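**Student:** Okay, handing you the structure first.
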Amino acid sequence: MTEHNTNLKPSKPPIWNNPKYRSLFFQLLLIFGVGYVFYSIIQNTLNNMEARGISTGFSFLSEKSGFDILQSLIAYDSDSTYGRTFVVGILNTLLVSVLGIFLATLLGFVIGIARLSNNWLLAKLATIYIETFRNIPLLIQIFFWYIVVLRAMPSAKESLSLFDSFFLNVRGLYLPAPVTDSGFVYTTLTVVLALVAVFILKRWAHRRQETTGRQFPVFLVSFALLLLAPLFVFFASGSPLSWDIPALKGFNFQGGITIIPELFALLLALTIYTAAFIAEIVRSGIKAVDHGQSEAALSVGLTPSQNLRLVVIPQAMRVIIPPMTSQYLNLLKNSSLATAIGYPDLVSVFMGTTLNQTGQAVEIVMMTMAVYLVLSLLISLLMNGYNAKMALTER
Amino acid sequence: MYVTDKILPELPAPSNAKGLVYWLKNNLFSSPLNIVITFLGFYLVYKILPPAIQWAFIDATWVAETREECLGEGKGACWAYIGNRFGQVMYGFYPPAEYWRPNLAGILLILLTIPLFIEKMPKKVWLGAFILLVFPFIAYVLIHGGMLGLSEVGTDRWGGLMLTLIISLVGIAAALPLGIILALGRRSEMPIVKSISIIFIEFWRGVPLITVLFMASVMLPLFLPAGSDFDKLARAMIGIILFQSAYVAEVVRGGLQAIPKGQYEAAVAMGLSYWKSMFLIILPQALKLVIPGLVNTFIALFKDTTLVLIIGLFDLLLIIENVLGSDAAWLGFFTEGLVFAAFVFWIFCFSMSRYSMALERKLDTGHRS
């Protein structure tokens, strides 16, 4: 009889059909492709730069810049180096971003909660605010505040003033500056001590509540600690703080803190624009908390404020934080629009003026991008850490 | 004993539970705090709205031949100035005799797009592919010219709202396929493909668009072999497309993650290859889910196109800021120009965001896993 093949092992697929080798092959192909693109870019760049007579390297950073900067947080003049220009730019970017993030969060929360208000007019006004400002490009808003509003401010002689210590005119916003005397160090010390005490108190109260169930008015006590103790020390040490109030001398204001119109306009636009987005995030976060949660909290006897603080907000924060992070990142990146109105941020002084003067395009663009990448990464890390702390801990 | 043998008519609701007074009491004056807020709110509206209406409508000059007609005591906005320069606002320096060409391209695009919104339209995919792949070339031939007997109009003469629309439409159309590939790469099981996709996406998402535009305008010429030079618009477009593709990729990834695992497994069990299972099973479902998200990224891109003015492309905003601003015959009406630009952008963005919200409601069929 014919012999049957009893060996029923499947035949091995050919090597080009084996998924393992296939994926290896495609990945190697991709690496070679990407590598070749990078290689040719680098080669072309070197050739082109040689042809144009541009030298490579970072030696330009120690050269004298020869231009002045409108506003700098560290000492800077036209004798300073390009390296220092870079630092001034970073600091100015950070200044406007940090202030913007703080103010936009504040305004965004207020508007977001206002949109959920049971007052019809307030809710409608908040809706109009959100729909207006988030649908107009930020650059138009920056131009609006800078050119239309701040240019229309009166001259220094006819400044708008508040309590005769805050002044607004076409040259900027003038605020009183605090001047500390030698005794102020005790007040600072008390604040630090109070902070430590509040931290310890909070942990102790938490532990006591976990074991005995008894609550401690942490908020009230820490509020008193943080406010009253420094105030007491402040007055006990003889009020060692005075205000340097700006005053009109000649044609301009002297003393106090000056906020240049570029910073003021940029900050206004960034805050108002980003707050519209944050308000929507806050609203959706609060609405995401099921109404049953509040009902349950109230029915077990929590007060409305406890309900908000212990039940609604912690759950809403989980929904709010991830999109909030991307808004903070957007604000940081959007602060680079400063260059359109001449606020001396990183892009404006480094990628603009320095690039024009030195022609070191590759190095400067790379450095600027690296700064933004690092800052974005830092904000992401910080917010991810906060998110992990607030996230649902399953027990 | 009182017995009724017919149903009594319903009584109207008590007067303290309906009507204007009830509504006012409940929505505006329900508590002392609310009363204060209401009055403050009305004061705010009173302070802002009447002067704005007075300026923009009642005192405005709608038709005027010269600048002088707009000036004077009690004159409001000078809209006549926008009207007189309407050609530049819409088309930049495009030769007026050739305005019909971009107009024709625009009308063609609208006619081609309308069937996409008709629900029962068959072969939508082919039409979409035609718009994405073939139409751009037709539009380019029409607007740029230089062939088929059309006179050439270089990209340096394009401008205004036309340029804004071209940049954003080309940007999203080209970023879409690139973004889908990147999203698939980021979800891939091949470690090298995955990490290259992640690095690419996170790099572009981590830097501001301005730096990308700067890079495109000063570094791109250095990257390419000597002699191969693009014009300014093409360079900006490359930067915008790469930048936008990273954002599209993240939106598409959201859609891919929302598809239940059973769909992937079923596709593999049917013996479909990777590409077949993606294009026939997964992507059609995932892309439908993320249309609202894609509209939102398009809105963001549309607003971001204003940044091209920083590298000197004459989009709507730069035309208004620079060209009209330095026009001696109509000096000093920057506010009107800015308000007009803001209004144009607002109309586009607001209607698109409403559309995206309506879509979201429609697509939310409630059975997501």
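Letters for chains follow the order of the structure tokens (A, B, ...), residue numbers begin at 1 for each chain, and ligand numbers begin at 1 in the order shown.
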Compute the set of chain B residues within 7 Å of chain A, using only C-alpha atoms, and express it as a short mmCIF file (atom, residue, chain, number, x, y, z; two decimals) with all heavy atoms, in the first residue's frame.
**Tutor:**
data_model
loop_
_atom_site.label_atom_id
_atom_site.label_comp_id
_atom_site.auth_asym_id
_atom_site.auth_seq_id
_atom_site.Cartn_x
_atom_site.Cartn_y
_atom_site.Cartn_z
N ASN B 27 -33.01 82.82 39.17
CA ASN B 27 -31.77 82.86 38.40
C ASN B 27 -30.91 84.08 38.64
O ASN B 27 -29.73 84.07 38.31
CB ASN B 27 -32.09 82.77 36.90
CG ASN B 27 -32.56 81.39 36.52
OD1 ASN B 27 -31.87 80.42 36.75
ND2 ASN B 27 -33.77 81.32 36.00
N LEU B 28 -31.49 85.15 39.14
CA LEU B 28 -30.69 86.36 39.32
C LEU B 28 -30.64 86.85 40.76
O LEU B 28 -29.66 87.46 41.17
CB LEU B 28 -31.24 87.48 38.43
CG LEU B 28 -31.10 87.26 36.92
CD1 LEU B 28 -31.74 88.40 36.17
CD2 LEU B 28 -29.64 87.14 36.53
N ASN B 34 -25.88 86.59 45.22
CA ASN B 34 -26.31 86.59 43.82
C ASN B 34 -26.83 87.96 43.39
O ASN B 34 -26.63 88.37 42.25
CB ASN B 34 -27.39 85.53 43.60
CG ASN B 34 -26.80 84.27 43.04
OD1 ASN B 34 -25.67 84.29 42.56
ND2 ASN B 34 -27.54 83.19 43.09
N THR B 38 -25.33 89.97 40.35
CA THR B 38 -26.17 90.39 39.24
C THR B 38 -25.98 91.87 38.94
O THR B 38 -25.82 92.26 37.78
CB THR B 38 -27.64 90.10 39.57
OG1 THR B 38 -27.77 88.71 39.83
CG2 THR B 38 -28.54 90.49 38.42
N GLY B 41 -22.67 92.48 37.40
CA GLY B 41 -22.68 91.99 36.02
C GLY B 41 -23.36 92.97 35.09
O GLY B 41 -22.84 93.30 34.02
N MET B 190 7.27 46.96 17.37
CA MET B 190 8.70 46.96 17.06
C MET B 190 9.36 48.08 17.84
O MET B 190 9.01 49.26 17.67
CB MET B 190 8.90 47.18 15.57
CG MET B 190 8.25 46.11 14.72
SD MET B 190 8.68 46.35 13.01
CE MET B 190 7.09 46.37 12.24
N ILE B 192 12.17 49.70 17.80
CA ILE B 192 12.87 50.81 17.15
C ILE B 192 11.87 51.73 16.46
O ILE B 192 11.96 52.96 16.59
CB ILE B 192 13.91 50.27 16.15
CG1 ILE B 192 15.01 49.55 16.94
CG2 ILE B 192 14.50 51.38 15.33
CD1 ILE B 192 15.94 48.76 16.10
N VAL B 193 10.90 51.15 15.78
CA VAL B 193 9.87 51.96 15.14
C VAL B 193 9.16 52.80 16.20
O VAL B 193 8.94 54.01 16.04
CB VAL B 193 8.85 51.06 14.42
CG1 VAL B 193 7.71 51.87 13.88
CG2 VAL B 193 9.52 50.28 13.31
N GLY B 206 7.24 69.58 21.78
CA GLY B 206 7.91 70.27 22.87
C GLY B 206 8.44 71.64 22.51
O GLY B 206 8.89 72.37 23.39
N VAL B 207 8.43 71.99 21.23
CA VAL B 207 9.00 73.30 20.85
C VAL B 207 7.89 74.20 20.31
O VAL B 207 6.92 73.72 19.76
CB VAL B 207 10.12 73.14 19.80
CG1 VAL B 207 11.29 72.41 20.39
CG2 VAL B 207 9.61 72.44 18.57
N PRO B 208 8.05 75.52 20.50
CA PRO B 208 7.03 76.44 19.99
C PRO B 208 7.07 76.51 18.46
O PRO B 208 8.12 76.31 17.85
CB PRO B 208 7.45 77.80 20.57
CG PRO B 208 8.52 77.54 21.53
CD PRO B 208 9.10 76.22 21.23
N ILE B 210 7.00 79.04 16.62
CA ILE B 210 7.89 80.09 16.12
C ILE B 210 9.29 79.55 15.86
O ILE B 210 9.90 79.83 14.83
CB ILE B 210 7.99 81.25 17.14
CG1 ILE B 210 6.70 82.03 17.14
CG2 ILE B 210 9.14 82.18 16.78
CD1 ILE B 210 6.82 83.34 17.84
N THR B 211 9.79 78.74 16.80
CA THR B 211 11.14 78.21 16.59
C THR B 211 11.15 77.28 15.38
O THR B 211 12.13 77.23 14.65
CB THR B 211 11.63 77.45 17.84
OG1 THR B 211 10.71 76.41 18.13
CG2 THR B 211 11.77 78.35 19.02
N MET B 215 13.42 77.80 12.22
CA MET B 215 14.27 76.71 11.74
C MET B 215 14.01 76.49 10.26
O MET B 215 14.95 76.35 9.46
CB MET B 215 13.97 75.44 12.52
CG MET B 215 14.88 74.31 12.16
SD MET B 215 14.64 72.94 13.28
CE MET B 215 13.96 71.76 12.19
N VAL B 218 15.59 79.57 8.31
CA VAL B 218 17.05 79.80 8.26
C VAL B 218 17.85 78.51 8.15
O VAL B 218 18.94 78.52 7.59
CB VAL B 218 17.58 80.61 9.48
CG1 VAL B 218 16.98 81.99 9.51
CG2 VAL B 218 17.35 79.89 10.77
N MET B 219 17.33 77.39 8.68
CA MET B 219 18.15 76.18 8.68
C MET B 219 17.86 75.25 7.53
O MET B 219 18.76 74.55 7.05
CB MET B 219 17.99 75.43 10.00
CG MET B 219 18.89 76.00 11.08
SD MET B 219 18.43 75.37 12.67
CE MET B 219 19.09 73.74 12.59
N LEU B 222 20.15 75.25 4.68
CA LEU B 222 21.46 74.66 4.97
C LEU B 222 21.42 73.15 4.90
O LEU B 222 22.41 72.50 4.59
CB LEU B 222 21.93 75.08 6.37
CG LEU B 222 22.29 76.54 6.60
CD1 LEU B 222 22.62 76.78 8.05
CD2 LEU B 222 23.46 76.93 5.72
N PHE B 223 20.23 72.58 5.22
CA PHE B 223 20.12 71.12 5.29
C PHE B 223 20.17 70.47 3.91
O PHE B 223 20.49 69.30 3.78
CB PHE B 223 18.80 70.71 5.94
CG PHE B 223 18.78 70.92 7.43
CD1 PHE B 223 17.60 70.87 8.15
CD2 PHE B 223 19.97 71.15 8.12
CE1 PHE B 223 17.59 71.06 9.51
CE2 PHE B 223 19.96 71.33 9.49
CZ PHE B 223 18.77 71.29 10.18
N LEU B 224 19.77 71.22 2.89
CA LEU B 224 19.61 70.62 1.57
C LEU B 224 20.87 70.84 0.75
O LEU B 224 21.63 71.77 1.01
CB LEU B 224 18.41 71.26 0.87
CG LEU B 224 17.10 71.02 1.62
CD1 LEU B 224 16.01 71.90 1.08
CD2 LEU B 224 16.70 69.56 1.52
N PRO B 225 21.11 69.97 -0.25
CA PRO B 225 22.28 70.16 -1.10
C PRO B 225 22.25 71.55 -1.72
O PRO B 225 21.19 72.09 -2.02
CB PRO B 225 22.10 69.08 -2.17
CG PRO B 225 21.18 68.09 -1.60
CD PRO B 225 20.33 68.80 -0.60
N ALA B 226 23.44 72.13 -1.89
CA ALA B 226 23.53 73.49 -2.40
C ALA B 226 22.78 73.59 -3.73
O ALA B 226 22.82 72.69 -4.56
CB ALA B 226 24.99 73.88 -2.59
N LYS B 303 -5.53 79.08 13.92
CA LYS B 303 -5.13 80.25 14.70
C LYS B 303 -3.62 80.46 14.64
O LYS B 303 -3.14 81.58 14.60
CB LYS B 303 -5.59 80.09 16.16
CG LYS B 303 -7.06 80.28 16.33
CD LYS B 303 -7.46 80.29 17.79
CE LYS B 303 -7.35 78.92 18.38
NZ LYS B 303 -7.69 78.90 19.81
N ASP B 304 -2.89 79.34 14.62
CA ASP B 304 -1.43 79.44 14.63
C ASP B 304 -0.86 79.95 13.31
O ASP B 304 0.29 80.39 13.28
CB ASP B 304 -0.81 78.08 14.94
CG ASP B 304 -0.77 77.81 16.42
OD1 ASP B 304 -1.01 78.76 17.19
OD2 ASP B 304 -0.49 76.67 16.83
N THR B 306 -1.31 82.55 11.99
CA THR B 306 -0.96 83.96 12.10
C THR B 306 0.53 84.15 12.38
O THR B 306 1.09 85.19 12.08
CB THR B 306 -1.74 84.63 13.24
OG1 THR B 306 -1.64 83.81 14.40
CG2 THR B 306 -3.19 84.82 12.88
N ILE B 310 5.77 86.33 11.35
CA ILE B 310 7.07 86.59 11.96
C ILE B 310 8.21 86.29 10.99
O ILE B 310 9.26 86.91 11.04
CB ILE B 310 7.17 85.81 13.28
CG1 ILE B 310 6.32 86.56 14.32
CG2 ILE B 310 8.60 85.68 13.77
CD1 ILE B 310 6.03 85.82 15.55
N THR B 335 -6.79 99.81 14.65
CA THR B 335 -7.78 99.14 15.49
C THR B 335 -8.85 98.46 14.65
O THR B 335 -9.20 97.30 14.88
CB THR B 335 -8.44 100.16 16.44
OG1 THR B 335 -7.41 100.89 17.07
CG2 THR B 335 -9.28 99.46 17.48
N LEU B 338 -7.49 95.34 13.06
CA LEU B 338 -7.31 94.26 14.02
C LEU B 338 -8.66 93.65 14.41
O LEU B 338 -8.80 92.42 14.50
CB LEU B 338 -6.60 94.82 15.26
CG LEU B 338 -5.70 93.86 16.00
CD1 LEU B 338 -4.67 93.27 15.06
CD2 LEU B 338 -5.00 94.59 17.13
N ALA B 342 -9.75 89.86 13.85
CA ALA B 342 -10.23 89.06 14.98
C ALA B 342 -11.60 88.48 14.66
O ALA B 342 -11.88 87.31 14.93
CB ALA B 342 -10.30 89.91 16.24
N PHE B 345 -11.32 85.56 12.09
CA PHE B 345 -10.83 84.33 12.74
C PHE B 345 -11.88 83.78 13.68
O PHE B 345 -12.07 82.57 13.77
CB PHE B 345 -9.54 84.62 13.51
CG PHE B 345 -8.32 84.55 12.65
CD1 PHE B 345 -7.73 85.70 12.17
CD2 PHE B 345 -7.77 83.33 12.30
CE1 PHE B 345 -6.62 85.64 11.35
CE2 PHE B 345 -6.66 83.26 11.50
CZ PHE B 345 -6.08 84.41 11.02
N TRP B 346 -12.56 84.67 14.37
CA TRP B 346 -13.55 84.20 15.34
C TRP B 346 -14.66 83.44 14.65
O TRP B 346 -15.08 82.36 15.10
CB TRP B 346 -14.13 85.40 16.12
CG TRP B 346 -15.01 84.97 17.23
CD1 TRP B 346 -14.62 84.58 18.47
CD2 TRP B 346 -16.43 84.82 17.19
NE1 TRP B 346 -15.71 84.21 19.21
CE2 TRP B 346 -16.83 84.36 18.46
CE3 TRP B 346 -17.40 85.05 16.22
CZ2 TRP B 346 -18.16 84.11 18.77
CZ3 TRP B 346 -18.71 84.80 16.54
CH2 TRP B 346 -19.09 84.34 17.80
N CYS B 349 -13.31 79.99 13.61
CA CYS B 349 -13.01 79.09 14.73
C CYS B 349 -14.27 78.72 15.50
O CYS B 349 -14.46 77.57 15.89
CB CYS B 349 -12.00 79.73 15.68
SG CYS B 349 -10.42 79.99 14.91
N PHE B 350 -15.14 79.71 15.70
CA PHE B 350 -16.34 79.44 16.48
C PHE B 350 -17.23 78.45 15.77
O PHE B 350 -17.72 77.49 16.37
CB PHE B 350 -17.09 80.75 16.75
CG PHE B 350 -18.31 80.57 17.60
CD1 PHE B 350 -18.18 80.28 18.94
CD2 PHE B 350 -19.58 80.67 17.06
CE1 PHE B 350 -19.29 80.11 19.74
CE2 PHE B 350 -20.70 80.50 17.85
CZ PHE B 350 -20.55 80.22 19.19
#
**Student:** Near Ala129 (chain B), within 12 Å and counting only C-alpha atoms, which residues show up once chain neighbours fewer than 2 positions away are dropped, as a list in words?
**Tutor:**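 After dropping sequence-adjacent residues, the list is Leu112, Thr113, Leu116, Lys123, Lys124, Val125, Trp126, Leu127, Ile131, Leu132, Leu133, Val134, Phe135, Pro136, Ala173, Leu176 and Pro177 of chain B.
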**Student:** Would you write out those residues with all heavy atoms, as a short mmCIF file (atom, residue, chain, number, x, y, z; two decimals), in the first residue's frame?
**Tutor:**
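That gives us again-v4.cif:
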data_model
loop_
_atom_site.label_atom_id
_atom_site.label_comp_id
_atom_site.auth_asym_id
_atom_site.auth_seq_id
_atom_site.Cartn_x
_atom_site.Cartn_y
_atom_site.Cartn_z
N LEU B 112 -16.79 70.25 -3.89
CA LEU B 112 -16.32 68.89 -3.68
C LEU B 112 -16.57 68.42 -2.25
O LEU B 112 -16.77 67.24 -1.99
CB LEU B 112 -14.83 68.79 -3.99
CG LEU B 112 -14.45 68.72 -5.46
CD1 LEU B 112 -12.95 68.86 -5.62
CD2 LEU B 112 -14.93 67.41 -6.07
N THR B 113 -16.51 69.36 -1.30
CA THR B 113 -16.62 68.97 0.11
C THR B 113 -18.06 68.74 0.53
O THR B 113 -18.31 67.93 1.41
CB THR B 113 -15.99 70.04 1.02
OG1 THR B 113 -14.91 70.64 0.33
CG2 THR B 113 -15.46 69.43 2.29
N LEU B 116 -19.43 65.29 1.14
CA LEU B 116 -18.88 64.58 2.29
C LEU B 116 -19.78 64.71 3.51
O LEU B 116 -19.75 63.87 4.41
CB LEU B 116 -17.49 65.11 2.65
CG LEU B 116 -16.36 64.77 1.70
CD1 LEU B 116 -15.06 65.34 2.22
CD2 LEU B 116 -16.23 63.28 1.53
N LYS B 123 -19.52 56.01 -1.80
CA LYS B 123 -18.13 56.21 -2.26
C LYS B 123 -17.50 57.48 -1.66
O LYS B 123 -16.74 58.16 -2.33
CB LYS B 123 -18.06 56.30 -3.80
CG LYS B 123 -18.71 55.15 -4.52
CD LYS B 123 -17.74 54.01 -4.73
CE LYS B 123 -18.42 52.90 -5.52
NZ LYS B 123 -17.91 51.58 -5.24
N LYS B 124 -17.84 57.75 -0.43
CA LYS B 124 -17.27 58.94 0.21
C LYS B 124 -15.76 58.88 0.27
O LYS B 124 -15.07 59.88 0.13
CB LYS B 124 -17.81 59.06 1.64
CG LYS B 124 -18.91 60.04 1.82
CD LYS B 124 -19.13 60.22 3.31
CE LYS B 124 -20.49 60.79 3.59
NZ LYS B 124 -20.74 60.88 5.02
N VAL B 125 -15.25 57.65 0.52
CA VAL B 125 -13.80 57.49 0.69
C VAL B 125 -13.06 57.95 -0.56
O VAL B 125 -12.04 58.63 -0.49
CB VAL B 125 -13.47 56.03 1.01
CG1 VAL B 125 -11.98 55.84 1.17
CG2 VAL B 125 -14.20 55.59 2.26
N TRP B 126 -13.63 57.59 -1.73
CA TRP B 126 -12.95 57.96 -2.98
C TRP B 126 -12.95 59.46 -3.16
O TRP B 126 -11.95 60.05 -3.60
CB TRP B 126 -13.62 57.27 -4.16
CG TRP B 126 -13.37 55.81 -4.14
CD1 TRP B 126 -14.23 54.82 -3.79
CD2 TRP B 126 -12.12 55.17 -4.43
NE1 TRP B 126 -13.62 53.61 -3.84
CE2 TRP B 126 -12.31 53.78 -4.24
CE3 TRP B 126 -10.87 55.62 -4.83
CZ2 TRP B 126 -11.29 52.86 -4.43
CZ3 TRP B 126 -9.85 54.70 -5.03
CH2 TRP B 126 -10.07 53.33 -4.83
N LEU B 127 -14.08 60.08 -2.83
CA LEU B 127 -14.16 61.53 -2.94
C LEU B 127 -13.14 62.19 -2.01
O LEU B 127 -12.41 63.11 -2.38
CB LEU B 127 -15.58 61.99 -2.61
CG LEU B 127 -15.84 63.48 -2.84
CD1 LEU B 127 -15.61 63.82 -4.29
CD2 LEU B 127 -17.25 63.84 -2.45
N ILE B 131 -10.03 64.64 -2.94
CA ILE B 131 -9.79 65.97 -2.38
C ILE B 131 -8.39 66.06 -1.79
O ILE B 131 -7.67 67.04 -1.96
CB ILE B 131 -10.85 66.31 -1.32
CG1 ILE B 131 -12.22 66.45 -1.98
CG2 ILE B 131 -10.50 67.59 -0.59
CD1 ILE B 131 -13.35 66.64 -1.02
N LEU B 132 -7.98 64.98 -1.11
CA LEU B 132 -6.68 65.03 -0.43
C LEU B 132 -5.52 64.89 -1.41
O LEU B 132 -4.48 65.52 -1.24
CB LEU B 132 -6.58 63.91 0.61
CG LEU B 132 -7.17 64.19 1.97
CD1 LEU B 132 -6.95 63.01 2.89
CD2 LEU B 132 -6.55 65.43 2.60
N LEU B 133 -5.69 64.05 -2.46
CA LEU B 133 -4.54 63.71 -3.30
C LEU B 133 -4.51 64.44 -4.63
O LEU B 133 -3.45 64.83 -5.10
CB LEU B 133 -4.51 62.19 -3.55
CG LEU B 133 -4.41 61.35 -2.28
CD1 LEU B 133 -4.51 59.88 -2.61
CD2 LEU B 133 -3.10 61.64 -1.55
N VAL B 134 -5.66 64.64 -5.26
CA VAL B 134 -5.66 65.23 -6.61
C VAL B 134 -5.96 66.72 -6.57
O VAL B 134 -5.32 67.51 -7.25
CB VAL B 134 -6.68 64.49 -7.51
CG1 VAL B 134 -6.61 65.03 -8.93
CG2 VAL B 134 -6.40 63.00 -7.49
N PHE B 135 -6.92 67.10 -5.72
CA PHE B 135 -7.34 68.49 -5.73
C PHE B 135 -6.20 69.49 -5.47
O PHE B 135 -6.15 70.53 -6.12
CB PHE B 135 -8.49 68.72 -4.75
CG PHE B 135 -8.94 70.15 -4.70
CD1 PHE B 135 -9.69 70.68 -5.74
CD2 PHE B 135 -8.56 70.98 -3.66
CE1 PHE B 135 -10.05 72.00 -5.72
CE2 PHE B 135 -8.92 72.30 -3.65
CZ PHE B 135 -9.67 72.81 -4.68
N PRO B 136 -5.28 69.19 -4.52
CA PRO B 136 -4.20 70.16 -4.28
C PRO B 136 -3.45 70.53 -5.56
O PRO B 136 -3.07 71.70 -5.73
CB PRO B 136 -3.29 69.43 -3.30
CG PRO B 136 -4.20 68.53 -2.57
CD PRO B 136 -5.24 68.10 -3.55
N ALA B 173 -4.07 68.80 5.53
CA ALA B 173 -4.20 67.71 4.56
C ALA B 173 -2.92 66.88 4.49
O ALA B 173 -2.96 65.66 4.38
CB ALA B 173 -4.53 68.27 3.18
N LEU B 176 -2.20 64.94 7.97
CA LEU B 176 -3.08 63.82 8.32
C LEU B 176 -2.45 62.46 8.02
O LEU B 176 -2.32 61.63 8.93
CB LEU B 176 -4.42 64.00 7.59
CG LEU B 176 -5.59 63.24 8.17
CD1 LEU B 176 -5.84 63.65 9.60
CD2 LEU B 176 -6.84 63.47 7.33
N PRO B 177 -2.02 62.19 6.77
CA PRO B 177 -1.39 60.88 6.52
C PRO B 177 -0.13 60.67 7.34
O PRO B 177 0.07 59.59 7.91
CB PRO B 177 -1.09 60.90 5.02
CG PRO B 177 -1.33 62.27 4.55
CD PRO B 177 -2.18 62.97 5.53
#
**Student:** Hey, what does DSSP flag as alpha helix (DSSP H) within region 332-381 of chain A? Can you give it to me as an MDAnalysis selection string?
**Tutor:** chainID A and resid 332:334 346 355:358 361:381
**Student:** State, in Å with one decimal place, the distance from CA of Ile200 (chain A) to CA of Gly213 (chain A).
**Tutor:**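 CA of Gly213 (chain A) lies 18.4 Å from CA of Ile200 (chain A).
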**Student:** Considering only C-alpha atoms, state which residue in the set B:Ile291, B:Val339, B:Ile320, B:Ile240 is at the smallest distance from Met352 (chain B).
**Tutor:**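 Of B:Ile291, B:Val339, B:Ile320, B:Ile240, the one nearest Met352 (chain B) is B:Ile291, counting only C-alpha atoms.
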**Student:** Which of these, A:Tyr36, A:Tyr82, A:Tyr76, A:Phe264, has the shortest distance to Phe58 (chain A) once you count only C-alpha atoms?
**Tutor:**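 Using only C-alpha atoms, Phe58 (chain A) sits closest to A:Tyr82.
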**Student:** With distances taken over only C-alpha atoms, which residue among A:Arg214, A:Arg208, A:Arg309, A:Arg318 lies nearest Ala288 (chain A)?
**Tutor:**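 Looking at the shortest contact to Ala288 (chain A), the residue is A:Arg318.
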**Student:** Can you measure CA of Tyr274 (chain B) to CA of Leu363 (chain B) for me? One decimal in Å is fine.
**Tutor:** 26.5 Å
**Student:** Take CA of Leu309 (chain B) and CA of Tyr355 (chain B) and report the distance between them in Å, one decimal.
**Tutor:**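 Atom-to-atom, CA of Leu309 (chain B) and CA of Tyr355 (chain B) are spaced 28.2 Å apart.
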**Student:** Which residue, A:Gln357, A:Asn18, A:Thr258, A:Asn169, has the smallest gap to Met153 (chain A) when you use only C-alpha atoms?
**Tutor:** A:Asn169
**Student:** If you count only C-alpha atoms, which residues fall within 10 Å of region 69-71 of chain B, apart from same-chain ones fewer than 4 positions away, as a tab-separated table (two decimals) with N, CA and C atoms, in the first residue's frame?
**Tutor:**
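Heads up, here's the output in around-v6.tsv:
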chain	number	residue	atom	x	y	z
B	59	ASP	N	-21.78	105.01	15.20
B	59	ASP	CA	-20.94	106.12	14.75
B	59	ASP	C	-20.02	105.72	13.60
B	60	ALA	N	-20.10	104.48	13.14
B	60	ALA	CA	-19.13	103.99	12.17
B	60	ALA	C	-19.35	104.59	10.80
B	61	THR	N	-18.26	104.67	10.04
B	61	THR	CA	-18.35	105.11	8.65
B	61	THR	C	-18.24	103.87	7.78
B	62	TRP	N	-19.27	103.60	7.02
B	62	TRP	CA	-19.29	102.37	6.23
B	62	TRP	C	-18.77	102.61	4.82
B	63	VAL	N	-19.09	103.75	4.27
B	63	VAL	CA	-18.67	104.04	2.90
B	63	VAL	C	-17.94	105.38	2.89
B	64	ALA	N	-16.73	105.36	2.35
B	64	ALA	CA	-15.99	106.62	2.25
B	64	ALA	C	-14.95	106.46	1.16
B	65	GLU	N	-14.64	107.54	0.50
B	65	GLU	CA	-13.63	107.47	-0.56
B	65	GLU	C	-12.25	107.82	-0.02
B	75	LYS	N	-16.87	110.52	15.34
B	75	LYS	CA	-16.85	109.44	14.34
B	75	LYS	C	-16.33	108.16	14.99
B	76	GLY	N	-16.97	107.07	14.69
B	76	GLY	CA	-16.56	105.79	15.26
B	76	GLY	C	-15.64	105.04	14.34
B	77	ALA	N	-15.87	103.75	14.25
B	77	ALA	CA	-15.00	102.89	13.45
B	77	ALA	C	-15.07	103.26	11.98
B	78	CYS	N	-13.96	103.06	11.28
B	78	CYS	CA	-13.90	103.39	9.87
B	78	CYS	C	-13.85	102.10	9.06
B	79	TRP	N	-15.01	101.50	8.85
B	79	TRP	CA	-15.03	100.23	8.11
B	79	TRP	C	-14.80	100.44	6.63
B	80	ALA	N	-15.00	101.69	6.20
B	80	ALA	CA	-14.80	101.98	4.78
B	80	ALA	C	-13.38	101.64	4.35
B	81	TYR	N	-12.47	101.76	5.30
B	81	TYR	CA	-11.06	101.51	4.98
B	81	TYR	C	-10.82	100.04	4.65
B	330	TRP	N	-4.56	105.79	4.12
B	330	TRP	CA	-5.49	105.35	5.15
B	330	TRP	C	-4.75	105.11	6.46
B	332	GLY	N	-3.71	105.22	10.36
B	332	GLY	CA	-4.31	105.41	11.67
B	332	GLY	C	-5.59	104.64	11.93
B	333	PHE	N	-5.83	103.56	11.17
B	333	PHE	CA	-7.02	102.77	11.46
B	333	PHE	C	-6.64	101.35	11.81
**Student:** Tell me, as a short mmCIF file (atom, residue, chain, number, x, y, z; two decimals) with N, CA and C atoms, in the first residue's frame, which residues lie within 7 Å of Ile281 (chain A), counting only C-alpha atoms; anything in the same chain fewer than 3 positions away does not count.
**Tutor:**
data_model
loop_
_atom_site.label_atom_id
_atom_site.label_comp_id
_atom_site.auth_asym_id
_atom_site.auth_seq_id
_atom_site.Cartn_x
_atom_site.Cartn_y
_atom_site.Cartn_z
N PHE A 277 -9.21 78.67 28.15
CA PHE A 277 -9.09 77.22 28.01
C PHE A 277 -9.16 76.54 29.37
N ILE A 278 -8.47 77.12 30.36
CA ILE A 278 -8.46 76.52 31.69
C ILE A 278 -9.88 76.50 32.26
N SER A 284 -15.43 71.24 32.90
CA SER A 284 -15.69 69.84 32.57
C SER A 284 -15.23 68.93 33.70
N GLY A 285 -14.18 69.35 34.42
CA GLY A 285 -13.72 68.55 35.55
C GLY A 285 -14.75 68.48 36.64
N ILE A 320 -8.98 67.20 35.84
CA ILE A 320 -8.47 68.51 35.43
C ILE A 320 -6.97 68.47 35.12
N PRO A 323 -5.22 67.70 31.22
CA PRO A 323 -5.34 68.78 30.22
C PRO A 323 -4.75 70.09 30.70
#
